[in-house]
$ cat upload_1.cif   # mmCIF, N, CA, C and O atoms
data_target
#
loop_
_atom_site.group_PDB
_atom_site.id
_atom_site.type_symbol
_atom_site.label_atom_id
_atom_site.label_comp_id
_atom_site.auth_asym_id
_atom_site.auth_seq_id
_atom_site.Cartn_x
_atom_site.Cartn_y
_atom_site.Cartn_z
ATOM 1 N N MET N 135 0.837 -1.199 0.000
ATOM 2 C CA MET N 135 0.000 0.000 0.000
ATOM 3 C C MET N 135 0.871 1.247 0.000
ATOM 4 O O MET N 135 1.857 1.296 0.689
ATOM 5 N N ASN N 136 0.427 2.254 -0.749
ATOM 6 C CA ASN N 136 1.173 3.500 -0.717
ATOM 7 C C ASN N 136 0.527 4.471 0.269
ATOM 8 O O ASN N 136 -0.465 4.147 0.911
ATOM 9 N N GLN N 137 1.080 5.651 0.390
ATOM 10 C CA GLN N 137 0.646 6.616 1.407
ATOM 11 C C GLN N 137 -0.830 6.979 1.290
ATOM 12 O O GLN N 137 -1.514 7.125 2.293
ATOM 13 N N VAL N 138 -1.357 7.106 0.065
ATOM 14 C CA VAL N 138 -2.752 7.479 -0.120
ATOM 15 C C VAL N 138 -3.691 6.401 0.426
ATOM 16 O O VAL N 138 -4.806 6.676 0.831
ATOM 17 N N ASP N 139 -3.229 5.157 0.465
ATOM 18 C CA ASP N 139 -4.071 4.054 0.903
ATOM 19 C C ASP N 139 -4.150 3.912 2.416
ATOM 20 O O ASP N 139 -4.869 3.053 2.913
ATOM 21 N N LEU N 140 -3.435 4.724 3.167
ATOM 22 C CA LEU N 140 -3.417 4.578 4.615
ATOM 23 C C LEU N 140 -4.656 5.156 5.288
ATOM 24 O O LEU N 140 -4.927 4.853 6.439
ATOM 25 N N TYR N 141 -5.404 5.977 4.603
ATOM 26 C CA TYR N 141 -6.534 6.669 5.207
ATOM 27 C C TYR N 141 -7.857 6.062 4.765
ATOM 28 O O TYR N 141 -8.016 5.707 3.607
ATOM 29 N N PRO N 142 -8.826 5.978 5.675
ATOM 30 C CA PRO N 142 -10.159 5.517 5.270
ATOM 31 C C PRO N 142 -10.762 6.484 4.254
ATOM 32 O O PRO N 142 -10.568 7.694 4.347
ATOM 33 N N ARG N 143 -11.448 5.940 3.301
ATOM 34 C CA ARG N 143 -12.047 6.746 2.244
ATOM 35 C C ARG N 143 -13.435 6.220 1.919
ATOM 36 O O ARG N 143 -13.730 5.059 2.139
ATOM 37 N N THR N 144 -14.258 7.089 1.346
ATOM 38 C CA THR N 144 -15.587 6.664 0.899
ATOM 39 C C THR N 144 -15.433 5.821 -0.367
ATOM 40 O O THR N 144 -14.376 5.820 -1.011
ATOM 41 N N ILE N 145 -16.505 5.162 -0.732
ATOM 42 C CA ILE N 145 -16.487 4.359 -1.966
ATOM 43 C C ILE N 145 -16.191 5.251 -3.160
ATOM 44 O O ILE N 145 -15.401 4.884 -4.034
ATOM 45 N N ARG N 146 -16.808 6.425 -3.202
ATOM 46 C CA ARG N 146 -16.549 7.362 -4.315
ATOM 47 C C ARG N 146 -15.074 7.733 -4.385
ATOM 48 O O ARG N 146 -14.486 7.796 -5.468
ATOM 49 N N GLU N 147 -14.455 7.992 -3.218
ATOM 50 C CA GLU N 147 -13.033 8.368 -3.204
ATOM 51 C C GLU N 147 -12.160 7.219 -3.681
ATOM 52 O O GLU N 147 -11.240 7.429 -4.487
ATOM 53 N N TRP N 148 -12.431 6.007 -3.193
ATOM 54 C CA TRP N 148 -11.631 4.855 -3.657
ATOM 55 C C TRP N 148 -11.794 4.661 -5.158
ATOM 56 O O TRP N 148 -10.829 4.382 -5.864
ATOM 57 N N ARG N 149 -13.021 4.815 -5.649
ATOM 58 C CA ARG N 149 -13.263 4.644 -7.092
ATOM 59 C C ARG N 149 -12.467 5.677 -7.881
ATOM 60 O O ARG N 149 -11.839 5.354 -8.893
ATOM 61 N N ALA N 150 -12.451 6.915 -7.402
ATOM 62 C CA ALA N 150 -11.715 7.983 -8.088
ATOM 63 C C ALA N 150 -10.210 7.716 -8.062
ATOM 64 O O ALA N 150 -9.525 7.913 -9.076
ATOM 65 N N ILE N 151 -9.699 7.269 -6.929
ATOM 66 C CA ILE N 151 -8.267 6.962 -6.811
ATOM 67 C C ILE N 151 -7.859 5.919 -7.849
ATOM 68 O O ILE N 151 -6.788 6.009 -8.450
ATOM 69 N N HIS N 152 -8.743 4.955 -8.074
ATOM 70 C CA HIS N 152 -8.443 3.873 -9.022
ATOM 71 C C HIS N 152 -8.915 4.180 -10.442
ATOM 72 O O HIS N 152 -8.836 3.319 -11.317
ATOM 73 N N GLN N 153 -9.397 5.401 -10.655
ATOM 74 C CA GLN N 153 -9.842 5.873 -11.963
ATOM 75 C C GLN N 153 -10.844 4.920 -12.610
ATOM 76 O O GLN N 153 -10.739 4.568 -13.785
ATOM 77 N N LEU N 154 -11.838 4.528 -11.810
ATOM 78 C CA LEU N 154 -12.899 3.659 -12.294
ATOM 79 C C LEU N 154 -14.197 4.453 -12.390
ATOM 80 O O LEU N 154 -14.485 5.286 -11.540
ATOM 81 N N SER N 155 -14.959 4.194 -13.424
ATOM 82 C CA SER N 155 -16.273 4.834 -13.552
ATOM 83 C C SER N 155 -17.301 4.017 -12.777
ATOM 84 O O SER N 155 -17.042 2.875 -12.380
ATOM 85 N N LYS N 156 -18.472 4.597 -12.607
ATOM 86 C CA LYS N 156 -19.552 3.851 -11.968
ATOM 87 C C LYS N 156 -19.911 2.633 -12.800
ATOM 88 O O LYS N 156 -20.205 1.565 -12.262
ATOM 89 N N SER N 157 -19.871 2.767 -14.118
ATOM 90 C CA SER N 157 -20.156 1.635 -15.007
ATOM 91 C C SER N 157 -19.114 0.539 -14.845
ATOM 92 O O SER N 157 -19.443 -0.647 -14.850
ATOM 93 N N ASP N 158 -17.838 0.936 -14.712
ATOM 94 C CA ASP N 158 -16.774 -0.040 -14.478
ATOM 95 C C ASP N 158 -17.053 -0.835 -13.206
ATOM 96 O O ASP N 158 -16.926 -2.062 -13.181
ATOM 97 N N MET N 159 -17.425 -0.115 -12.154
ATOM 98 C CA MET N 159 -17.695 -0.770 -10.870
ATOM 99 C C MET N 159 -18.892 -1.713 -10.988
ATOM 100 O O MET N 159 -18.853 -2.838 -10.491
ATOM 101 N N ALA N 160 -19.939 -1.256 -11.643
ATOM 102 C CA ALA N 160 -21.129 -2.098 -11.814
ATOM 103 C C ALA N 160 -20.776 -3.379 -12.559
ATOM 104 O O ALA N 160 -21.192 -4.477 -12.165
ATOM 105 N N ARG N 161 -19.974 -3.255 -13.606
ATOM 106 C CA ARG N 161 -19.549 -4.427 -14.385
ATOM 107 C C ARG N 161 -18.752 -5.394 -13.518
ATOM 108 O O ARG N 161 -19.003 -6.600 -13.517
ATOM 109 N N ARG N 162 -17.804 -4.877 -12.752
ATOM 110 C CA ARG N 162 -16.966 -5.734 -11.898
ATOM 111 C C ARG N 162 -17.774 -6.435 -10.808
ATOM 112 O O ARG N 162 -17.461 -7.555 -10.423
ATOM 113 N N LEU N 163 -18.800 -5.744 -10.312
ATOM 114 C CA LEU N 163 -19.621 -6.313 -9.244
ATOM 115 C C LEU N 163 -20.814 -7.105 -9.779
ATOM 116 O O LEU N 163 -21.587 -7.668 -9.010
ATOM 117 N N LYS N 164 -20.965 -7.096 -11.116
ATOM 118 C CA LYS N 164 -22.058 -7.817 -11.785
ATOM 119 C C LYS N 164 -23.427 -7.346 -11.303
ATOM 120 O O LYS N 164 -24.303 -8.148 -10.957
ATOM 121 N N VAL N 165 -23.579 -6.022 -11.265
ATOM 122 C CA VAL N 165 -24.862 -5.401 -10.933
ATOM 123 C C VAL N 165 -25.154 -4.338 -11.990
ATOM 124 O O VAL N 165 -24.286 -3.995 -12.788
ATOM 125 N N THR N 166 -26.365 -3.820 -11.971
ATOM 126 C CA THR N 166 -26.704 -2.757 -12.918
ATOM 127 C C THR N 166 -26.040 -1.455 -12.467
ATOM 128 O O THR N 166 -25.753 -1.279 -11.270
ATOM 129 N N PRO N 167 -25.795 -0.551 -13.403
ATOM 130 C CA PRO N 167 -25.226 0.746 -13.023
ATOM 131 C C PRO N 167 -26.086 1.485 -12.003
ATOM 132 O O PRO N 167 -25.558 2.146 -11.114
ATOM 133 N N SER N 168 -27.397 1.361 -12.096
ATOM 134 C CA SER N 168 -28.252 2.058 -11.133
ATOM 135 C C SER N 168 -28.131 1.450 -9.737
ATOM 136 O O SER N 168 -28.180 2.174 -8.742
ATOM 137 N N THR N 169 -27.936 0.138 -9.644
ATOM 138 C CA THR N 169 -27.727 -0.494 -8.341
ATOM 139 C C THR N 169 -26.430 0.005 -7.725
ATOM 140 O O THR N 169 -26.393 0.377 -6.550
ATOM 141 N N TYR N 170 -25.368 0.043 -8.532
ATOM 142 C CA TYR N 170 -24.099 0.535 -7.998
ATOM 143 C C TYR N 170 -24.227 1.999 -7.560
ATOM 144 O O TYR N 170 -23.757 2.372 -6.483
ATOM 145 N N ALA N 171 -24.855 2.818 -8.383
ATOM 146 C CA ALA N 171 -25.023 4.237 -8.038
ATOM 147 C C ALA N 171 -25.792 4.379 -6.728
ATOM 148 O O ALA N 171 -25.451 5.231 -5.892
ATOM 149 N N ASN N 172 -26.790 3.532 -6.517
ATOM 150 C CA ASN N 172 -27.550 3.552 -5.266
ATOM 151 C C ASN N 172 -26.648 3.208 -4.082
ATOM 152 O O ASN N 172 -26.736 3.829 -3.029
ATOM 153 N N TRP N 173 -25.778 2.226 -4.251
ATOM 154 C CA TRP N 173 -24.846 1.857 -3.173
ATOM 155 C C TRP N 173 -23.913 3.014 -2.846
ATOM 156 O O TRP N 173 -23.591 3.250 -1.689
ATOM 157 N N GLU N 174 -23.466 3.704 -3.873
ATOM 158 C CA GLU N 174 -22.546 4.803 -3.637
ATOM 159 C C GLU N 174 -23.244 5.954 -2.898
ATOM 160 O O GLU N 174 -22.641 6.614 -2.067
ATOM 161 N N MET N 175 -24.519 6.147 -3.198
ATOM 162 C CA MET N 175 -25.299 7.191 -2.523
ATOM 163 C C MET N 175 -25.738 6.757 -1.122
ATOM 164 O O MET N 175 -25.942 7.594 -0.254
ATOM 165 N N ASN N 176 -25.893 5.451 -0.918
ATOM 166 C CA ASN N 176 -26.376 4.889 0.347
ATOM 167 C C ASN N 176 -25.475 3.729 0.775
ATOM 168 O O ASN N 176 -25.911 2.579 0.793
ATOM 169 N N PRO N 177 -24.221 4.002 1.092
ATOM 170 C CA PRO N 177 -23.268 2.915 1.367
ATOM 171 C C PRO N 177 -23.638 2.055 2.569
ATOM 172 O O PRO N 177 -23.196 0.914 2.655
ATOM 173 N N GLU N 178 -24.469 2.572 3.456
ATOM 174 C CA GLU N 178 -24.877 1.787 4.619
ATOM 175 C C GLU N 178 -25.739 0.586 4.227
ATOM 176 O O GLU N 178 -25.924 -0.335 5.026
ATOM 177 N N LYS N 179 -26.218 0.549 2.990
ATOM 178 C CA LYS N 179 -27.052 -0.559 2.519
ATOM 179 C C LYS N 179 -26.244 -1.705 1.911
ATOM 180 O O LYS N 179 -26.806 -2.718 1.528
ATOM 181 N N ILE N 180 -24.944 -1.547 1.826
ATOM 182 C CA ILE N 180 -24.087 -2.569 1.222
ATOM 183 C C ILE N 180 -23.930 -3.746 2.178
ATOM 184 O O ILE N 180 -23.681 -3.565 3.363
ATOM 185 N N THR N 181 -24.068 -4.951 1.648
ATOM 186 C CA THR N 181 -23.916 -6.156 2.467
ATOM 187 C C THR N 181 -22.438 -6.411 2.771
ATOM 188 O O THR N 181 -21.548 -5.870 2.091
ATOM 189 N N ILE N 182 -22.198 -7.245 3.744
ATOM 190 C CA ILE N 182 -20.817 -7.599 4.100
ATOM 191 C C ILE N 182 -20.117 -8.242 2.914
ATOM 192 O O ILE N 182 -18.964 -7.926 2.615
ATOM 193 N N GLN N 183 -20.801 -9.127 2.208
ATOM 194 C CA GLN N 183 -20.196 -9.780 1.042
ATOM 195 C C GLN N 183 -19.787 -8.752 -0.006
ATOM 196 O O GLN N 183 -18.705 -8.824 -0.571
ATOM 197 N N ARG N 184 -20.657 -7.785 -0.263
ATOM 198 C CA ARG N 184 -20.319 -6.742 -1.247
ATOM 199 C C ARG N 184 -19.189 -5.857 -0.743
ATOM 200 O O ARG N 184 -18.358 -5.410 -1.531
ATOM 201 N N ALA N 185 -19.139 -5.607 0.558
ATOM 202 C CA ALA N 185 -18.044 -4.828 1.134
ATOM 203 C C ALA N 185 -16.713 -5.530 0.888
ATOM 204 O O ALA N 185 -15.706 -4.897 0.547
ATOM 205 N N ILE N 186 -16.710 -6.840 1.038
ATOM 206 C CA ILE N 186 -15.495 -7.625 0.787
ATOM 207 C C ILE N 186 -15.103 -7.525 -0.687
ATOM 208 O O ILE N 186 -13.925 -7.335 -1.013
ATOM 209 N N GLU N 187 -16.084 -7.619 -1.571
ATOM 210 C CA GLU N 187 -15.803 -7.492 -3.005
ATOM 211 C C GLU N 187 -15.221 -6.116 -3.324
ATOM 212 O O GLU N 187 -14.281 -6.006 -4.128
ATOM 213 N N LEU N 188 -15.778 -5.071 -2.723
ATOM 214 C CA LEU N 188 -15.247 -3.725 -2.941
ATOM 215 C C LEU N 188 -13.802 -3.631 -2.473
ATOM 216 O O LEU N 188 -12.953 -3.059 -3.162
ATOM 217 N N SER N 189 -13.510 -4.205 -1.309
ATOM 218 C CA SER N 189 -12.139 -4.138 -0.795
ATOM 219 C C SER N 189 -11.172 -4.858 -1.723
ATOM 220 O O SER N 189 -10.032 -4.433 -1.887
ATOM 221 N N GLU N 190 -11.626 -5.941 -2.343
ATOM 222 C CA GLU N 190 -10.771 -6.666 -3.294
ATOM 223 C C GLU N 190 -10.526 -5.831 -4.550
ATOM 224 O O GLU N 190 -9.414 -5.785 -5.065
ATOM 225 N N ILE N 191 -11.557 -5.162 -5.036
ATOM 226 C CA ILE N 191 -11.407 -4.301 -6.219
ATOM 227 C C ILE N 191 -10.448 -3.149 -5.921
ATOM 228 O O ILE N 191 -9.579 -2.823 -6.727
ATOM 229 N N PHE N 192 -10.613 -2.536 -4.738
ATOM 230 C CA PHE N 192 -9.797 -1.379 -4.376
ATOM 231 C C PHE N 192 -8.428 -1.767 -3.833
ATOM 232 O O PHE N 192 -7.557 -0.910 -3.675
ATOM 233 N N GLY N 193 -8.241 -3.041 -3.497
ATOM 234 C CA GLY N 193 -6.953 -3.477 -2.951
ATOM 235 C C GLY N 193 -6.676 -2.899 -1.577
ATOM 236 O O GLY N 193 -5.540 -2.539 -1.271
ATOM 237 N N CYS N 194 -7.721 -2.796 -0.768
ATOM 238 C CA CYS N 194 -7.563 -2.247 0.578
ATOM 239 C C CYS N 194 -8.369 -3.093 1.560
ATOM 240 O O CYS N 194 -9.275 -3.811 1.150
ATOM 241 N N PRO N 195 -8.049 -3.019 2.846
ATOM 242 C CA PRO N 195 -8.873 -3.726 3.828
ATOM 243 C C PRO N 195 -10.277 -3.104 3.898
ATOM 244 O O PRO N 195 -10.440 -1.903 3.656
ATOM 245 N N VAL N 196 -11.267 -3.904 4.227
ATOM 246 C CA VAL N 196 -12.637 -3.407 4.366
ATOM 247 C C VAL N 196 -12.686 -2.235 5.343
ATOM 248 O O VAL N 196 -13.424 -1.269 5.133
ATOM 249 N N GLY N 197 -11.870 -2.292 6.384
ATOM 250 C CA GLY N 197 -11.853 -1.237 7.395
ATOM 251 C C GLY N 197 -11.397 0.114 6.882
ATOM 252 O O GLY N 197 -11.555 1.126 7.568
ATOM 253 N N LYS N 198 -10.841 0.165 5.686
ATOM 254 C CA LYS N 198 -10.409 1.442 5.099
ATOM 255 C C LYS N 198 -11.473 2.053 4.189
ATOM 256 O O LYS N 198 -11.243 3.062 3.537
ATOM 257 N N ILE N 199 -12.653 1.409 4.134
ATOM 258 C CA ILE N 199 -13.758 1.941 3.346
ATOM 259 C C ILE N 199 -14.799 2.498 4.308
ATOM 260 O O ILE N 199 -15.245 1.801 5.218
ATOM 261 N N ILE N 200 -15.173 3.741 4.103
ATOM 262 C CA ILE N 200 -16.182 4.383 4.946
ATOM 263 C C ILE N 200 -17.559 4.052 4.377
ATOM 264 O O ILE N 200 -17.889 4.442 3.260
ATOM 265 N N PHE N 201 -18.351 3.315 5.170
ATOM 266 C CA PHE N 201 -19.699 2.942 4.740
ATOM 267 C C PHE N 201 -20.783 3.785 5.401
ATOM 268 O O PHE N 201 -21.919 3.766 4.970
ATOM 269 N N PHE N 202 -20.429 4.478 6.469
ATOM 270 C CA PHE N 202 -21.418 5.264 7.190
ATOM 271 C C PHE N 202 -20.998 6.723 7.181
ATOM 272 O O PHE N 202 -20.417 7.214 8.133
ATOM 273 N N GLU N 203 -21.278 7.376 6.076
ATOM 274 C CA GLU N 203 -20.970 8.795 5.949
ATOM 275 C C GLU N 203 -21.951 9.585 6.798
ATOM 276 O O GLU N 203 -23.045 9.117 7.104
ATOM 277 N N LYS N 204 -21.558 10.791 7.122
ATOM 278 C CA LYS N 204 -22.462 11.677 7.838
ATOM 279 C C LYS N 204 -23.713 11.867 6.982
ATOM 280 O O LYS N 204 -23.638 12.271 5.837
ATOM 281 N N ASN N 205 -24.838 11.516 7.553
ATOM 282 C CA ASN N 205 -26.100 11.602 6.838
ATOM 283 C C ASN N 205 -26.718 12.972 7.080
ATOM 284 O O ASN N 205 -27.126 13.274 8.191
ATOM 285 N N ARG N 206 -26.821 13.762 6.043
ATOM 286 C CA ARG N 206 -27.365 15.116 6.182
ATOM 287 C C ARG N 206 -28.845 15.100 6.553
ATOM 288 O O ARG N 206 -29.373 16.072 7.040
ATOM 289 N N LYS N 207 -29.518 13.997 6.327
ATOM 290 C CA LYS N 207 -30.937 13.912 6.645
ATOM 291 C C LYS N 207 -31.172 13.582 8.115
ATOM 292 O O LYS N 207 -32.279 13.631 8.584
ATOM 293 N N PHE N 208 -30.122 13.216 8.825
ATOM 294 C CA PHE N 208 -30.259 12.776 10.198
ATOM 295 C C PHE N 208 -29.377 13.647 11.068
ATOM 296 O O PHE N 208 -28.169 13.685 10.900
ATOM 297 N N ASN N 209 -29.963 14.352 12.006
ATOM 298 C CA ASN N 209 -29.241 15.296 12.857
ATOM 299 C C ASN N 209 -28.998 14.681 14.232
ATOM 300 O O ASN N 209 -29.923 14.594 15.035
ATOM 301 N N LEU N 210 -27.772 14.245 14.480
ATOM 302 C CA LEU N 210 -27.440 13.640 15.771
ATOM 303 C C LEU N 210 -27.601 14.629 16.927
ATOM 304 O O LEU N 210 -27.947 14.249 18.025
ATOM 305 N N GLU N 211 -27.354 15.904 16.639
ATOM 306 C CA GLU N 211 -27.474 16.912 17.694
ATOM 307 C C GLU N 211 -28.901 16.974 18.244
ATOM 308 O O GLU N 211 -29.112 17.283 19.403
ATOM 309 N N SER N 212 -29.868 16.648 17.428
ATOM 310 C CA SER N 212 -31.259 16.690 17.879
ATOM 311 C C SER N 212 -31.545 15.600 18.919
ATOM 312 O O SER N 212 -32.545 15.670 19.615
ATOM 313 N N LEU N 213 -30.679 14.602 19.015
ATOM 314 C CA LEU N 213 -30.860 13.529 19.982
ATOM 315 C C LEU N 213 -30.216 13.834 21.328
ATOM 316 O O LEU N 213 -30.428 13.116 22.295
ATOM 317 N N GLN N 214 -29.414 14.890 21.393
ATOM 318 C CA GLN N 214 -28.735 15.253 22.631
ATOM 319 C C GLN N 214 -29.724 15.825 23.624
ATOM 320 O O GLN N 214 -30.580 16.630 23.267
ATOM 321 N N PRO N 215 -29.613 15.417 24.915
ATOM 322 C CA PRO N 215 -30.503 15.998 25.925
ATOM 323 C C PRO N 215 -30.196 17.480 26.113
ATOM 324 O O PRO N 215 -29.061 17.916 25.973
ATOM 325 N N THR N 216 -31.211 18.241 26.422
ATOM 326 C CA THR N 216 -31.019 19.692 26.613
ATOM 327 C C THR N 216 -30.945 20.041 28.082
ATOM 328 O O THR N 216 -31.241 19.306 28.939
#
$ encode --input "upload_1.cif" --output "structure tokens"
Amino acid sequence: MNQVDLYPRTIREWRAIHQLSKSDMARRLKVTPSTYANWEMNPEKITIQRAIELSEIFGCPVGKIIFFEKNRKFNLESLQPT
């Protein structure tokens, strides 16, 4: 692994680092482009098996892929007691 691979990254970032298009990813994962695009927009919906496949494509450990991005639709601060 080189220096860029030491940091956790989102699926979009890993795809960009490897210069792969969404269509390329869909082909490699044997899914439709719209399914892959949905995963990239909603990475928390990816199964463990698919996470492993992504790590193999990106050549990184699963732990270096961020699957739970900050969700703008969900405000954690609203759950804090006042």
$ atom_distance --input "upload_1.cif" --atom1 "atom CA of N:Ile180" --atom2 "atom CA of N:Ala160"
13.4 Å
$ residues_around --input "upload_1.cif" --residues "stretch 168-179 of chain N" --least-positions-apart "4" --cutoff "6 Å" --atoms "all atoms listed in the file" --output "list of chain:residue names"
N:Arg146, N:Lys156, N:Ala160, N:Ile200, N:Phe201, N:Phe202
$ closest_residue --input "upload_1.cif" --among "N:Met159, N:Leu140, N:His152, N:Val165" --to "N:Leu188" --atoms "only C-alpha atoms"
N:Met159
$ atom_distance --input "upload_1.cif" --atom1 "atom N of N:Leu163" --atom2 "atom O of N:Gly197"
20.5 Å
$ atom_distance --input "upload_1.cif" --atom1 "atom C of N:Pro142" --atom2 "atom N of N:Ser189"
12.4 Å
$ closest_residue --input "upload_1.cif" --among "N:Leu154, N:Arg162, N:Tyr141, N:Arg149" --to "N:Glu187" --atoms "all atoms listed in the file"
N:Arg162
